[in-house]
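Trainee: So that you have it, the file is start_7.pdb, and it contains PDB, C-alpha atoms:
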```pdb
ATOM      1  CA  MET A   1     -51.282 -39.564  22.655
ATOM      2  CA  LYS A   2     -48.211 -38.226  20.850
ATOM      3  CA  ARG A   3     -47.165 -41.722  19.900
ATOM      4  CA  LYS A   4     -50.645 -42.485  18.561
ATOM      5  CA  LYS A   5     -50.681 -39.257  16.531
ATOM      6  CA  ARG A   6     -47.236 -40.005  15.105
ATOM      7  CA  LYS A   7     -48.283 -43.544  14.225
ATOM      8  CA  ALA A   8     -51.475 -42.294  12.591
ATOM      9  CA  PHE A   9     -49.496 -39.773  10.580
ATOM     10  CA  TRP A  10     -47.087 -42.381   9.195
ATOM     11  CA  ASN A  11     -49.955 -44.760   8.464
ATOM     12  CA  ASN A  12     -51.623 -41.981   6.511
ATOM     13  CA  ILE A  13     -48.418 -41.272   4.568
ATOM     14  CA  LYS A  14     -47.775 -44.932   3.826
ATOM     15  CA  PHE A  15     -51.422 -45.810   3.091
ATOM     16  CA  LYS A  16     -51.627 -46.994  -0.517
ATOM     17  CA  TYR A  17     -54.243 -45.943  -2.984
ATOM     18  CA  LYS A  18     -55.126 -47.888  -6.089
ATOM     19  CA  LEU A  19     -55.019 -45.919  -9.303
ATOM     20  CA  THR A  20     -57.099 -47.819 -11.891
ATOM     21  CA  ILE A  21     -57.634 -47.187 -15.581
ATOM     22  CA  LEU A  22     -60.857 -48.860 -16.945
ATOM     23  CA  ASN A  23     -62.130 -49.499 -20.427
ATOM     24  CA  GLU A  24     -65.205 -47.269 -20.847
ATOM     25  CA  ASN A  25     -67.149 -49.775 -22.939
ATOM     26  CA  THR A  26     -66.401 -53.016 -21.154
ATOM     27  CA  LEU A  27     -65.448 -51.611 -17.738
ATOM     28  CA  GLU A  28     -62.450 -53.896 -17.880
ATOM     29  CA  GLU A  29     -59.442 -52.862 -15.794
ATOM     30  CA  VAL A  30     -56.589 -51.921 -18.097
ATOM     31  CA  VAL A  31     -53.959 -50.655 -15.611
ATOM     32  CA  GLY A  32     -53.933 -50.748 -11.859
ATOM     33  CA  ILE A  33     -51.247 -48.986  -9.784
ATOM     34  CA  HIS A  34     -50.931 -48.992  -6.003
ATOM     35  CA  VAL A  35     -49.490 -45.598  -4.903
ATOM     36  CA  SER A  36     -49.013 -44.008  -1.491
ATOM     37  CA  LYS A  37     -48.414 -40.366  -0.575
ATOM     38  CA  LEU A  38     -44.830 -41.224   0.359
ATOM     39  CA  ASN A  39     -44.212 -42.752  -3.070
ATOM     40  CA  GLY A  40     -45.677 -39.699  -4.782
ATOM     41  CA  LEU A  41     -43.482 -37.345  -2.772
ATOM     42  CA  SER A  42     -40.402 -39.443  -3.532
ATOM     43  CA  VAL A  43     -41.166 -39.426  -7.260
ATOM     44  CA  LEU A  44     -41.686 -35.634  -7.195
ATOM     45  CA  LEU A  45     -38.362 -35.003  -5.409
ATOM     46  CA  SER A  46     -36.544 -37.355  -7.786
ATOM     47  CA  ALA A  47     -38.004 -35.575 -10.807
ATOM     48  CA  CYS A  48     -36.976 -32.137  -9.433
ATOM     49  CA  THR A  49     -33.443 -33.398  -8.782
ATOM     50  CA  VAL A  50     -33.095 -34.794 -12.300
ATOM     51  CA  ILE A  51     -34.407 -31.560 -13.843
ATOM     52  CA  PHE A  52     -31.983 -29.497 -11.731
ATOM     53  CA  LEU A  53     -29.019 -31.666 -12.747
ATOM     54  CA  ILE A  54     -29.939 -31.465 -16.425
ATOM     55  CA  ALA A  55     -30.287 -27.667 -16.242
ATOM     56  CA  ALA A  56     -26.927 -27.361 -14.426
ATOM     57  CA  VAL A  57     -25.170 -29.507 -17.042
ATOM     58  CA  ILE A  58     -26.671 -27.449 -19.864
ATOM     59  CA  ILE A  59     -25.611 -24.160 -18.250
ATOM     60  CA  VAL A  60     -22.080 -25.297 -17.392
ATOM     61  CA  PHE A  61     -21.175 -26.977 -20.674
ATOM     62  CA  THR A  62     -22.944 -24.640 -23.107
ATOM     63  CA  PRO A  63     -22.576 -20.923 -23.983
ATOM     64  CA  LEU A  64     -25.692 -20.197 -21.926
ATOM     65  CA  ARG A  65     -23.436 -19.647 -18.895
ATOM     66  CA  ASN A  66     -22.265 -16.336 -20.397
ATOM     67  CA  TYR A  67     -25.774 -14.930 -19.876
ATOM     68  CA  LEU A  68     -25.711 -15.561 -16.132
ATOM     69  CA  PRO A  69     -25.290 -12.384 -14.036
ATOM     70  CA  GLY A  70     -21.765 -12.090 -12.623
ATOM     71  CA  TYR A  71     -20.280 -14.761 -14.885
ATOM     72  CA  MET A  72     -17.897 -13.846 -17.658
ATOM     73  CA  ASN A  73     -15.859 -15.965 -19.988
ATOM     74  CA  THR A  74     -12.060 -15.574 -19.887
ATOM     75  CA  GLU A  75     -11.990 -14.484 -23.513
ATOM     76  CA  ILE A  76     -14.715 -11.901 -22.938
ATOM     77  CA  ARG A  77     -12.931 -10.706 -19.791
ATOM     78  CA  ALA A  78      -9.656 -10.246 -21.679
ATOM     79  CA  GLN A  79     -11.511  -8.409 -24.426
ATOM     80  CA  VAL A  80     -13.156  -6.086 -21.875
ATOM     81  CA  VAL A  81      -9.779  -5.269 -20.283
ATOM     82  CA  ALA A  82      -8.205  -4.647 -23.682
ATOM     83  CA  ASN A  83     -11.080  -2.372 -24.666
ATOM     84  CA  ALA A  84     -10.764  -0.433 -21.417
ATOM     85  CA  LEU A  85      -7.040   0.097 -21.974
ATOM     86  CA  ARG A  86      -7.663   1.071 -25.576
ATOM     87  CA  ALA A  87     -10.333   3.572 -24.540
ATOM     88  CA  ASP A  88      -7.984   5.097 -21.956
ATOM     89  CA  SER A  89      -5.222   5.444 -24.537
ATOM     90  CA  LEU A  90      -7.634   6.996 -27.017
ATOM     91  CA  GLN A  91      -8.809   9.479 -24.373
ATOM     92  CA  ASP A  92      -5.219  10.460 -23.628
ATOM     93  CA  ALA A  93      -4.436  10.832 -27.321
ATOM     94  CA  LEU A  94      -7.586  12.930 -27.800
ATOM     95  CA  ASN A  95      -6.626  15.250 -24.946
ATOM     96  CA  ARG A  96      -3.145  15.740 -26.379
ATOM     97  CA  GLN A  97      -4.610  16.368 -29.811
ATOM     98  CA  ASN A  98      -6.929  19.036 -28.395
ATOM     99  CA  LEU A  99      -4.001  20.716 -26.658
ATOM    100  CA  TYR A 100      -1.998  20.522 -29.869
ATOM    101  CA  VAL A 101      -4.791  22.245 -31.833
ATOM    102  CA  MET A 102      -5.126  24.918 -29.129
ATOM    103  CA  ASN A 103      -1.373  25.551 -29.271
ATOM    104  CA  ILE A 104      -1.479  25.934 -33.062
ATOM    105  CA  GLN A 105      -4.374  28.386 -32.743
ATOM    106  CA  ASP A 106      -2.478  30.453 -30.148
ATOM    107  CA  ILE A 107       0.634  30.564 -32.344
ATOM    108  CA  LEU A 108      -1.353  31.575 -35.419
ATOM    109  CA  SER A 109      -3.310  34.229 -33.499
ATOM    110  CA  GLY A 110      -0.129  35.721 -32.042
ATOM    111  CA  LYS A 111      -0.824  34.910 -28.371
ATOM    112  CA  VAL A 112       2.361  32.859 -28.211
ATOM    113  CA  LYS A 113       5.496  34.018 -29.995
ATOM    114  CA  THR A 114       7.210  31.476 -32.160
ATOM    115  CA  ASP A 115      10.635  32.444 -30.803
ATOM    116  CA  THR A 116       9.672  31.403 -27.273
ATOM    117  CA  VAL A 117       8.556  27.911 -28.252
ATOM    118  CA  GLN A 118      11.282  25.255 -28.381
ATOM    119  CA  SER A 119       8.912  22.483 -29.357
ATOM    120  CA  ILE A 120       5.187  21.899 -29.516
ATOM    121  CA  ASP A 121       5.501  19.252 -26.798
ATOM    122  CA  SER A 122       7.028  21.726 -24.329
ATOM    123  CA  LEU A 123       4.178  24.132 -25.011
ATOM    124  CA  THR A 124       1.714  21.308 -24.441
ATOM    125  CA  MET A 125       3.261  20.532 -21.063
ATOM    126  CA  LEU A 126       3.086  24.197 -20.053
ATOM    127  CA  ARG A 127      -0.533  24.378 -21.107
ATOM    128  CA  THR A 128      -1.323  21.243 -19.103
ATOM    129  CA  GLU A 129       0.098  22.862 -15.973
ATOM    130  CA  GLU A 130      -1.827  26.058 -16.639
ATOM    131  CA  LEU A 131      -5.099  24.157 -16.975
ATOM    132  CA  MET A 132      -4.620  22.645 -13.503
ATOM    133  CA  GLN A 133      -6.087  25.464 -11.444
ATOM    134  CA  ARG A 134      -4.995  25.834  -7.826
ATOM    135  CA  SER A 135      -7.568  25.628  -5.091
ATOM    136  CA  GLY A 136      -7.928  28.343  -2.474
ATOM    137  CA  GLU A 137      -6.458  26.073   0.225
ATOM    138  CA  GLU A 138      -3.392  25.339  -1.917
ATOM    139  CA  THR A 139      -2.790  29.015  -2.689
ATOM    140  CA  GLU A 140      -3.061  29.931   0.986
ATOM    141  CA  PHE A 141      -0.715  27.097   2.008
ATOM    142  CA  ARG A 142       1.873  28.113  -0.617
ATOM    143  CA  LYS A 143       1.807  31.727   0.524
ATOM    144  CA  LYS A 144       2.156  30.744   4.189
ATOM    145  CA  TYR A 145       5.009  28.301   3.502
ATOM    146  CA  GLU A 146       6.925  30.719   1.280
ATOM    147  CA  THR A 147       6.623  33.415   3.951
ATOM    148  CA  GLN A 148       7.963  31.126   6.673
ATOM    149  CA  GLU A 149      10.826  29.677   4.606
ATOM    150  CA  ARG A 150      11.910  32.837   2.825
ATOM    151  CA  TYR A 151      14.907  33.455   5.106
ATOM    152  CA  ASN A 152      15.499  29.855   6.180
ATOM    153  CA  LEU A 153      18.816  29.051   4.517
ATOM    154  CA  THR A 154      19.061  25.538   5.957
ATOM    155  CA  ALA A 155      15.798  24.556   4.308
ATOM    156  CA  VAL A 156      17.278  25.560   0.965
ATOM    157  CA  THR A 157      20.615  23.786   1.305
ATOM    158  CA  ASP A 158      19.830  20.650   3.347
ATOM    159  CA  MET A 159      17.945  18.746   0.684
ATOM    160  CA  HIS A 160      20.520  19.736  -1.926
ATOM    161  CA  ASN A 161      23.301  18.297   0.219
ATOM    162  CA  ALA A 162      21.406  15.031   0.719
ATOM    163  CA  ALA A 163      20.284  14.605  -2.884
ATOM    164  CA  GLY A 164      20.083  10.903  -3.702
ATOM    165  CA  VAL A 165      21.114   9.854  -0.156
ATOM    166  CA  ILE A 166      18.855   7.510   1.840
ATOM    167  CA  PHE A 167      19.645   7.432   5.574
ATOM    168  CA  PHE A 168      18.914   4.460   7.812
ATOM    169  CA  CYS A 169      17.619   5.071  11.311
ATOM    170  CA  PRO A 170      20.593   4.113  13.534
ATOM    171  CA  ILE A 171      18.420   2.762  16.340
ATOM    172  CA  THR A 172      14.821   2.293  17.406
ATOM    173  CA  GLY A 173      14.197   4.650  20.288
ATOM    174  CA  VAL A 174      12.706   7.878  21.571
ATOM    175  CA  VAL A 175      14.379  11.262  21.118
ATOM    176  CA  THR A 176      15.009  12.562  24.647
ATOM    177  CA  LYS A 177      17.224  15.522  23.749
ATOM    178  CA  GLN A 178      17.209  17.339  20.446
ATOM    179  CA  PHE A 179      19.881  19.104  18.421
ATOM    180  CA  ALA A 180      20.955  22.295  20.248
ATOM    181  CA  PRO A 181      24.240  23.739  18.926
ATOM    182  CA  LEU A 182      23.968  26.844  21.135
ATOM    183  CA  GLU A 183      24.087  24.548  24.177
ATOM    184  CA  LYS A 184      27.002  22.624  22.627
ATOM    185  CA  HIS A 185      24.776  19.607  22.115
ATOM    186  CA  LEU A 186      25.746  18.753  18.542
ATOM    187  CA  GLY A 187      23.500  15.728  18.084
ATOM    188  CA  ILE A 188      20.415  14.015  19.469
ATOM    189  CA  ASP A 189      19.960  11.511  22.302
ATOM    190  CA  LEU A 190      17.902   8.385  21.639
ATOM    191  CA  MET A 191      16.706   6.408  24.661
ATOM    192  CA  THR A 192      16.345   2.687  23.985
ATOM    193  CA  ASN A 193      16.792  -0.742  25.578
ATOM    194  CA  PRO A 194      20.149  -1.971  26.883
ATOM    195  CA  ASN A 195      22.318  -3.862  24.385
ATOM    196  CA  GLU A 196      20.186  -2.615  21.481
ATOM    197  CA  SER A 197      21.882  -2.917  18.078
ATOM    198  CA  VAL A 198      23.265   0.292  16.536
ATOM    199  CA  LEU A 199      23.016   0.404  12.735
ATOM    200  CA  ALA A 200      25.098   2.334  10.241
ATOM    201  CA  ALA A 201      23.150   5.240   8.775
ATOM    202  CA  LEU A 202      24.925   5.050   5.387
ATOM    203  CA  ASP A 203      27.568   3.102   3.538
ATOM    204  CA  GLY A 204      31.004   4.249   4.591
ATOM    205  CA  THR A 205      34.358   3.614   6.282
ATOM    206  CA  VAL A 206      35.087   3.608  10.012
ATOM    207  CA  ILE A 207      37.576   6.418  10.725
ATOM    208  CA  PHE A 208      37.504   6.273  14.527
ATOM    209  CA  ALA A 209      36.630   3.490  16.981
ATOM    210  CA  ALA A 210      37.863   3.769  20.558
ATOM    211  CA  TYR A 211      36.885   4.116  24.214
ATOM    212  CA  THR A 212      36.648   7.539  25.879
ATOM    213  CA  ALA A 213      36.223   8.311  29.550
ATOM    214  CA  GLU A 214      33.417  10.824  28.978
ATOM    215  CA  THR A 215      31.224   9.132  26.351
ATOM    216  CA  GLY A 216      32.197   5.462  26.532
ATOM    217  CA  TYR A 217      32.849   3.651  23.274
ATOM    218  CA  VAL A 218      32.672   6.015  20.305
ATOM    219  CA  MET A 219      32.591   5.311  16.566
ATOM    220  CA  GLN A 220      32.846   7.707  13.638
ATOM    221  CA  VAL A 221      32.026   6.683  10.069
ATOM    222  CA  GLN A 222      32.927   8.632   6.931
ATOM    223  CA  HIS A 223      30.289   8.579   4.162
ATOM    224  CA  SER A 224      29.911   9.949   0.652
ATOM    225  CA  GLN A 225      29.045  13.604  -0.049
ATOM    226  CA  ASN A 226      31.162  14.719   2.948
ATOM    227  CA  PHE A 227      28.852  13.214   5.578
ATOM    228  CA  ILE A 228      30.178  11.855   8.887
ATOM    229  CA  THR A 229      28.091  10.045  11.518
ATOM    230  CA  VAL A 230      29.145   9.791  15.172
ATOM    231  CA  TYR A 231      27.839   7.158  17.636
ATOM    232  CA  LYS A 232      28.541   7.714  21.357
ATOM    233  CA  TYR A 233      27.734   5.940  24.655
ATOM    234  CA  CYS A 234      28.115   2.460  23.145
ATOM    235  CA  ALA A 235      28.764  -0.625  25.251
ATOM    236  CA  ALA A 236      30.702  -2.468  22.562
ATOM    237  CA  LEU A 237      31.982  -1.804  19.063
ATOM    238  CA  MET A 238      31.502  -4.385  16.314
ATOM    239  CA  LYS A 239      33.816  -2.708  13.786
ATOM    240  CA  ASN A 240      37.386  -1.437  13.799
ATOM    241  CA  GLU A 241      39.045   1.532  12.157
ATOM    242  CA  GLY A 242      39.356   1.084   8.404
ATOM    243  CA  ASP A 243      36.449  -1.378   8.126
ATOM    244  CA  ARG A 244      33.865  -0.852   5.406
ATOM    245  CA  VAL A 245      30.254  -0.812   6.608
ATOM    246  CA  LYS A 246      26.941  -1.055   4.778
ATOM    247  CA  ALA A 247      23.842   0.978   5.489
ATOM    248  CA  GLY A 248      21.723  -0.862   8.073
ATOM    249  CA  GLU A 249      24.641  -3.046   9.253
ATOM    250  CA  VAL A 250      25.168  -3.561  13.007
ATOM    251  CA  ILE A 251      28.255  -1.618  14.096
ATOM    252  CA  ALA A 252      27.844  -1.326  17.883
ATOM    253  CA  LEU A 253      25.680  -2.058  20.932
ATOM    254  CA  VAL A 254      24.030   0.384  23.313
ATOM    255  CA  GLY A 255      25.332   0.386  26.897
ATOM    256  CA  LYS A 256      23.473  -0.355  30.102
ATOM    257  CA  GLU A 257      22.213   2.320  32.488
ATOM    258  CA  ASN A 258      24.909   3.643  34.796
ATOM    259  CA  SER A 259      22.612   5.479  37.223
ATOM    260  CA  GLU A 260      19.004   6.526  37.692
ATOM    261  CA  LYS A 261      19.617   9.776  35.838
ATOM    262  CA  GLU A 262      21.551   8.239  32.959
ATOM    263  CA  LYS A 263      19.326   5.758  31.128
ATOM    264  CA  PRO A 264      20.515   3.569  28.224
ATOM    265  CA  HIS A 265      20.738   5.859  25.215
ATOM    266  CA  LEU A 266      22.684   6.577  22.061
ATOM    267  CA  HIS A 267      24.111   9.989  21.257
ATOM    268  CA  PHE A 268      23.988  10.350  17.474
ATOM    269  CA  GLU A 269      25.642  13.177  15.529
ATOM    270  CA  LEU A 270      25.577  14.007  11.823
ATOM    271  CA  TRP A 271      28.252  16.232  10.299
ATOM    272  CA  HIS A 272      28.452  17.656   6.782
ATOM    273  CA  SER A 273      31.542  19.356   5.366
ATOM    274  CA  GLY A 274      32.933  19.850   8.877
ATOM    275  CA  ASN A 275      29.749  21.359  10.344
ATOM    276  CA  PRO A 276      27.197  19.658  12.625
ATOM    277  CA  VAL A 277      23.667  19.432  11.206
ATOM    278  CA  ASN A 278      20.342  18.423  12.714
ATOM    279  CA  PRO A 279      19.884  14.667  12.114
ATOM    280  CA  GLU A 280      16.079  14.991  12.356
ATOM    281  CA  LYS A 281      16.080  16.886   9.037
ATOM    282  CA  TYR A 282      17.542  13.850   7.301
ATOM    283  CA  ILE A 283      16.269  10.842   9.269
ATOM    284  CA  VAL A 284      12.816   9.981  10.610
ATOM    285  CA  PHE A 285      13.239   8.791  14.201
TER     286      PHE A 285
END
```
Write out the structure in this file as structure tokens.

Mentor:
Amino acid sequence: MKRKKRKAFWNNIKFKYKLTILNENTLEEVVGIHVSKLNGLSVLLSACTVIFLIAAVIIVFTPLRNYLPGYMNTEIRAQVVANALRADSLQDALNRQNLYVMNIQDILSGKVKTDTVQSIDSLTMLRTEELMQRSGEETEFRKKYETQERYNLTAVTDMHNAAGVIFFCPITGVVTKQFAPLEKHLGIDLMTNPNESVLAALDGTVIFAAYTAETGYVMQVQHSQNFITVYKYCAALMKNEGDRVKAGEVIALVGKENSEKEKPHLHFELWHSGNPVNPEKYIVF
């Protein structure tokens, strides 16, 4: 039954009809065309394809493409970007001009003394900072921080000592023991994998490189601004005394574990002007 229905369907599609044009007076056949439904569908699809191609060619190769949503010519795009930059510059210039006028008004009204103003630009910068009002959260945070750090002398001096200095992390590991000068632990312990590379924290010169019975191979490097870094419990030293090292350069290797209690680790110390300092205030481990 399915085969008969399919065959009947195709016969219906392919069945040809005769389209005849007759002369009304003489009833003479002028034109006679044999057309099937399949031919009509093919002609319709061909006509739609041709129309689509013609429309696509017209849109692509003519200025009509600029009217399509989401499409923009390169010249128009560059003009839009230039206009946006120009508008931003004009807004900035307008804001500065408004501040300039406000400063002149304050000087003329006597709110700002002329003797205290070095230049109109400095007054403009001060006014800009005054216009940026602090939020309640910022005010509360400032008050809390200032209260905590009021008598913390190290917080005042540490960043000054390290001004312009960028420290490299000597090794990738976990801090197992922190800086505790009262317990005579003048550095930090970093647990890591055996034979891990030890990197120089800063550019400098090796001033000590030797083996000790207590801490294994030890290296000390002198850096600028009176900084000295110390690397203990090394398995091997890659540099000798007097060698110049670069920040991030491999200078030693971490040793293997000696017992269950003593895991592979690096003891790292940072000294400044002859005093030990907490390395975690200078380096992110």

Trainee: I need the residue nearest Val230 of chain A from this list: A:Ile13, A:Leu41, A:Val245, A:Leu186. Use only C-alpha atoms for the distance.

Mentor: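 Going through A:Ile13, A:Leu41, A:Val245, A:Leu186 one by one, the smallest distance to Val230 of chain A is for A:Leu186.
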
Trainee: Could you work out how far atom CA of Ile33 of chain A lies from atom CA of Lys5 of chain A, giving the answer in Å with one decimal?

Mentor: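 We find that atom CA of Lys5 of chain A and atom CA of Ile33 of chain A lie 28.1 Å from each other.
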
Trainee: Could you work out how far atom CA of Val35 of chain A lies from atom CA of Asn11 of chain A, giving the answer in Å with one decimal?

Mentor: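 Taking atom CA of Asn11 of chain A and atom CA of Val35 of chain A, their separation equals 13.4 Å.
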
Trainee: One decimal, in Å: what's the spacing between atom CA of Lys177 of chain A and atom CA of Leu237 of chain A?

Mentor: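 According to the coordinates, atom CA of Lys177 of chain A and atom CA of Leu237 of chain A are separated by 23.2 Å.
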
Trainee: Identify all residues satisfying the PyMOL selection byres ((chain A and resi 217) around 7) in the given file; provide them as a list of chain:residue names.

Mentor: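 Checked against the file, the PyMOL selection byres ((chain A and resi 217) around 7) matches A:Ala210, A:Tyr211, A:Thr212, A:Thr215, A:Gly216, A:Val218, A:Met219, A:Lys232, A:Tyr233, A:Cys234, A:Ala235, A:Ala236, A:Leu237.
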
Trainee: Using the chain letters and numbering of this document, enumerate as a ChimeraX atom specification the residues selected by the PyMOL selection byres ((chain A and resi 171-176) around 12).

Mentor: /A:167-170,177-179,187-201,231,234,248-254,262-268,279-280,283-285

Trainee: Please produce a file of the residues just selected, as a compact mmCIF listing (two decimals), keeping the file's coordinate frame, where the atoms kept are C-alpha atoms.

Mentor:
```txt
# COMPACT_ATOMS: atom_id res chain seq x y z
CA PHE A 167 19.64 7.43 5.57
CA PHE A 168 18.91 4.46 7.81
CA CYS A 169 17.62 5.07 11.31
CA PRO A 170 20.59 4.11 13.53
CA LYS A 177 17.22 15.52 23.75
CA GLN A 178 17.21 17.34 20.45
CA PHE A 179 19.88 19.10 18.42
CA GLY A 187 23.50 15.73 18.08
CA ILE A 188 20.42 14.02 19.47
CA ASP A 189 19.96 11.51 22.30
CA LEU A 190 17.90 8.38 21.64
CA MET A 191 16.71 6.41 24.66
CA THR A 192 16.34 2.69 23.98
CA ASN A 193 16.79 -0.74 25.58
CA PRO A 194 20.15 -1.97 26.88
CA ASN A 195 22.32 -3.86 24.38
CA GLU A 196 20.19 -2.62 21.48
CA SER A 197 21.88 -2.92 18.08
CA VAL A 198 23.26 0.29 16.54
CA LEU A 199 23.02 0.40 12.74
CA ALA A 200 25.10 2.33 10.24
CA ALA A 201 23.15 5.24 8.78
CA TYR A 231 27.84 7.16 17.64
CA CYS A 234 28.12 2.46 23.14
CA GLY A 248 21.72 -0.86 8.07
CA GLU A 249 24.64 -3.05 9.25
CA VAL A 250 25.17 -3.56 13.01
CA ILE A 251 28.26 -1.62 14.10
CA ALA A 252 27.84 -1.33 17.88
CA LEU A 253 25.68 -2.06 20.93
CA VAL A 254 24.03 0.38 23.31
CA GLU A 262 21.55 8.24 32.96
CA LYS A 263 19.33 5.76 31.13
CA PRO A 264 20.52 3.57 28.22
CA HIS A 265 20.74 5.86 25.22
CA LEU A 266 22.68 6.58 22.06
CA HIS A 267 24.11 9.99 21.26
CA PHE A 268 23.99 10.35 17.47
CA PRO A 279 19.88 14.67 12.11
CA GLU A 280 16.08 14.99 12.36
CA ILE A 283 16.27 10.84 9.27
CA VAL A 284 12.82 9.98 10.61
CA PHE A 285 13.24 8.79 14.20
```

Trainee: Using all atoms listed in the file, find the one residue out of A:Gly242, A:Gly274, A:Gly40, A:Gly204 that sits nearest to Ser224 of chain A.

Mentor: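 Among A:Gly242, A:Gly274, A:Gly40, A:Gly204, it is A:Gly204 that comes nearest to Ser224 of chain A.
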